[in-house]
Amino acid sequence: MPDPFQLKAFAAIDMDRSILVAAPTGSGKTLVAQYAVDRSLSLGLRVFYTTPLKALSNQKFYEFITLYGPDRVGLLTGDNVVNPDAEVVVMTTEVLRNMLYEGNADLGRLAYVVMDEVHYLQNPYRGAVWEEVIIHLPESVSLVCLSATVSNSEEFGDWIRTVRGPTDVVVETKRPVELVHLYGVAEDRFNGLNIMEAIVDGRPNPDCSRYDDPRSQGLIVRKRPLRRSGVPRRLEVVEFLKDESMVPAVFFIFSRQGCEAAVEQLVRASVRLTTPAERSEIRAIVDRSITNLSTEDLEALGFSTFMAGLESGIAAHHAGMVPPLKEAVEECFSRALVKVVFATETLSLGINMPARTVVIEKLNKFNGETHELLTPGEYTQLSGRAGRRGIDEIGYCLSLWSPFVSFDQVSHLMLTSSYPLTSSFRPTYNMAANLVKSFEPEIAHNLLNLSFAQFRSNAEIVRLEARLAKLRSQEDELLEAASCELGDVEAIYDSVKKKDRAPKVGVAPPPERLIHLHLSRLRPGDVIIAPSEGESHFPTRLAIVSSSKKKGGRISAWAISTSGQKYLLRPNTIDFIPKVVGRIEVEVQYDPKDHDYLHLVADHLRDMPIADCLLVEPLLQRRTGQRELEEANEDEMNELRDKLRRCPDFTRHIAAIKRLRRIQLTTGELRQSVKSNTESLARQFDRVLEVLTTHNFVVDWELTTKGERLAGLFHESDLLIALAYDNGVFAGLDSVELASLLSVFVYEPRTSAPGSDRFPSRELEKRFNLVCDIRAELNREESRLRIPPTKSVESGFMVYAGAWARGRDLASVIGDHGVPGGDFVRFMKQIIDLARQLASVVDDPQVALNLSSLNRLLCRGVVEASIRVQR
């Protein structure tokens, strides 16, 4: 019998209304989608089912084939085109977006579009695609949006209603399986596992708080904590779960290497969680998955180690694994053959792998710069895996003790139910080209203002303005409280504060702990002021480009000066407090060897509004004349100060001024927020359009030949690739060389596998440097127009891509270089996709021919096996 929320959703579908269903993981949202598919088929119409991931699309494809038969189901993912004219077509959301821009005729008989995991639209890199689809779909098509529970479902539903017409919002907050939150700690240092309920009667369990380490409270301690508590040993946790019948379990570890190391640790400890019959079934599943992989490929992928874990009932699951092995893990786990999986958070995105227990080993993860605590939404997404509907009565989420996270923080994650859906929508170059191609200017601007980003922004402006009005009222009251008949209190207060900010000759530097505190608060993009006198020799203005916290709490930050010089800031190497005086836009990924990036940051720094700096910089660059002038004025200020101190309300005046300055700082930040929110997407679009007009992609609201080419390039670096082609970067290269060169647009290096610092040839190095020059020029233009910068290009995969294109085997390409198999396959698939797109838009026949041949050269072996749909 369907649940009440499902029946409500069915009724909306029967009335041909769009619908948003927000419900916890595993609650049965898929049944709503299936109902829409059944209704569409009964009417003789078509339905598209979109997902954010190719793996999830493949999974749904298999499910629908089982339900409706292979003749009625198709698949479109970029990698695969299977039965594209079918009545039910599963696809990634990007494929549908591209179809809409291309005016694909297949939309004629389309009745429904199911958007699975629609909350993915807040993804900063790919989320805008969801909004583009919702805005551009024909009015005749009804939407079925499936989302995890978010706290602003009604707001999101209001937006869909505004854009698409009648829309029902169905919210289910109750989980189908009860969730119990647990907290695990090792007593007596690293022995004696203690597992407790973290939430009792709706409140944090006070027994858990007694294990808190002083470091989790933000205190700097030099001695070990008095309470002898520690992180539970992984082996003990697994044995506890097995003994308490709490498997299968997913351990979330936010590191690929950590996942692999965990499997190896348990295998070395001779942990075996499977029976002989289960091991036989596991081998059969794996044999089917690796049919198209050679023995040499499997050896290069570490297959023997993978198999040893899998047969023991233990496996890893992360993006560094090749799809055939990853899919084998998923199938084994779904059949409860594998009992423990160590996974990264990518597993929480839609893949059907529910468990009885979820274990979160650490509640903070590295974001590329610092370690940050999980958000309540992320915790809910991970814990949503706990409890299998129809199998378990209770699901468990076990969070393990950490010296750096207090139990108060842990319980807050468990109890917080507010995680609003946000928007990452912004105009891109490709989007702008397609809007120009398809719409008149007024309609194009209107479509941008229909986005969820603009919808939320307008509501945010109201909230910000209301807060500003309240603060302005407080400012007036404080100004009155600070006024004194005997003199100007503000002048005295400000002169003292300025004097305090100025470095004084002969005065001891600030305490290192204070410098440490301010350094720990710095984030990429912060601008600080450093003294130019004394032994430090720092320039006046510095931009922070990265910050990190090492083991033991050591803080450091890299900064760039206005001349592009790099500086490493540490508490023991600087003698000033690094206070933030402004912000500039910088890329999060800092590469100290990228000179274009260093100069771009320096340009940003020189061009930034320096109103905030003006009060500070002269004091840091003071000359003898300035000192003499200040000394001459000091007597006058002392006389005024003595006069004011005779006022009986002097203390109250000063307190009012202090409060006033704090409020003025807040109002300044709020005004900047209002400015940012009122900076409409339409105006951002106009600035993007200015770039395209400058480079002759658009003339008088018409696409040029170059513009048509850009409209067909759906890639994060769309304009850079188009400009590279126009500058002859791809001309005269053979297919192997093109494979190497295209890799620079898709490759993303990892710290654990930074790639090669060699170039396949001097000619390719020259071409790569030309791409860097084009990007640097484009970045300068983007900086001037306040457009997010086009991301950097990376040469670290060029050697591997070229070797694979020349026919080298997998072992010789990646064996000695530490490139994870899954990453290798993903980059190759992206090169194939980019080559396919370029081949369809370029006007140089030889370049087009060489690009077209890349599919044959690259789609072989493990790459082909990872693309092919099989089961």
# chains A, B, ... in the order shown; residues from 1 in each chain; ligands from 1

call {"tool": "residues_around", "arguments": {"residues": "Pro138 (chain A)", "least_positions_apart": "3", "cutoff": "9 Å", "atoms": "only C-alpha atoms", "output": "list in words"}}
result
Leu107, Ile135, Val141, Ser142 and Arg164 of chain A

call {"tool": "residues_around", "arguments": {"residues": "Leu293 (chain A)", "least_positions_apart": "3", "cutoff": "8 Å", "atoms": "only C-alpha atoms", "output": "list in words"}}
result
Ile290, Asp297, Leu298, Gly861, Val862 and Ala865 of chain A

call {"tool": "write_last_selection", "arguments": {"atoms": "all heavy atoms", "output": "mmCIF file, in the first residue's frame"}}
result
data_model
loop_
_atom_site.group_PDB
_atom_site.id
_atom_site.type_symbol
_atom_site.label_atom_id
_atom_site.label_comp_id
_atom_site.auth_asym_id
_atom_site.auth_seq_id
_atom_site.Cartn_x
_atom_site.Cartn_y
_atom_site.Cartn_z
ATOM 1 N N ILE A 290 34.220 -8.123 -15.186
ATOM 2 C CA ILE A 290 35.558 -7.905 -15.754
ATOM 3 C C ILE A 290 35.751 -8.613 -17.086
ATOM 4 O O ILE A 290 36.878 -8.762 -17.561
ATOM 5 C CB ILE A 290 36.648 -8.358 -14.766
ATOM 6 C CG1 ILE A 290 36.558 -9.875 -14.513
ATOM 7 C CG2 ILE A 290 36.545 -7.591 -13.462
ATOM 8 C CD1 ILE A 290 37.720 -10.423 -13.689
ATOM 9 N N ASP A 297 45.485 -5.576 -17.736
ATOM 10 C CA ASP A 297 44.737 -4.440 -17.189
ATOM 11 C C ASP A 297 44.419 -4.665 -15.717
ATOM 12 O O ASP A 297 44.584 -3.766 -14.886
ATOM 13 C CB ASP A 297 43.429 -4.229 -17.958
ATOM 14 C CG ASP A 297 43.648 -3.632 -19.342
ATOM 15 O OD1 ASP A 297 44.763 -3.127 -19.582
ATOM 16 O OD2 ASP A 297 42.714 -3.676 -20.158
ATOM 17 N N LEU A 298 43.958 -5.849 -15.417
ATOM 18 C CA LEU A 298 43.575 -6.161 -14.033
ATOM 19 C C LEU A 298 44.785 -6.071 -13.103
ATOM 20 O O LEU A 298 44.677 -5.576 -11.972
ATOM 21 C CB LEU A 298 42.952 -7.558 -13.955
ATOM 22 C CG LEU A 298 41.584 -7.703 -14.632
ATOM 23 C CD1 LEU A 298 41.148 -9.159 -14.650
ATOM 24 C CD2 LEU A 298 40.545 -6.847 -13.921
ATOM 25 N N GLY A 861 40.179 -1.198 -24.369
ATOM 26 C CA GLY A 861 40.595 -1.749 -23.084
ATOM 27 C C GLY A 861 39.704 -1.318 -21.936
ATOM 28 O O GLY A 861 38.473 -1.384 -22.015
ATOM 29 N N VAL A 862 40.325 -0.841 -20.867
ATOM 30 C CA VAL A 862 39.582 -0.491 -19.668
ATOM 31 C C VAL A 862 38.645 0.691 -19.911
ATOM 32 O O VAL A 862 37.580 0.791 -19.278
ATOM 33 C CB VAL A 862 40.570 -0.177 -18.513
ATOM 34 C CG1 VAL A 862 41.377 1.081 -18.802
ATOM 35 C CG2 VAL A 862 39.833 -0.039 -17.197
ATOM 36 N N ALA A 865 35.609 -0.817 -21.650
ATOM 37 C CA ALA A 865 34.872 -1.624 -20.676
ATOM 38 C C ALA A 865 34.099 -0.764 -19.686
ATOM 39 O O ALA A 865 33.057 -1.167 -19.174
ATOM 40 C CB ALA A 865 35.846 -2.539 -19.920
#

call {"tool": "atom_distance", "arguments": {"atom1": "CA of Met798 (chain A)", "atom2": "CA of Leu778 (chain A)"}}
result
22.8 Å

call {"tool": "closest_residue", "arguments": {"among": "A:Val113, A:Val81, A:Ala9, A:Leu838", "to": "Phe61 (chain A)", "atoms": "only C-alpha atoms"}}
result
A:Val81

call {"tool": "atom_distance", "arguments": {"atom1": "CA of Ala711 (chain A)", "atom2": "CA of Ala724 (chain A)"}}
result
15.2 Å

call {"tool": "atom_distance", "arguments": {"atom1": "CA of Asp392 (chain A)", "atom2": "CA of Arg356 (chain A)"}}
result
6.8 Å
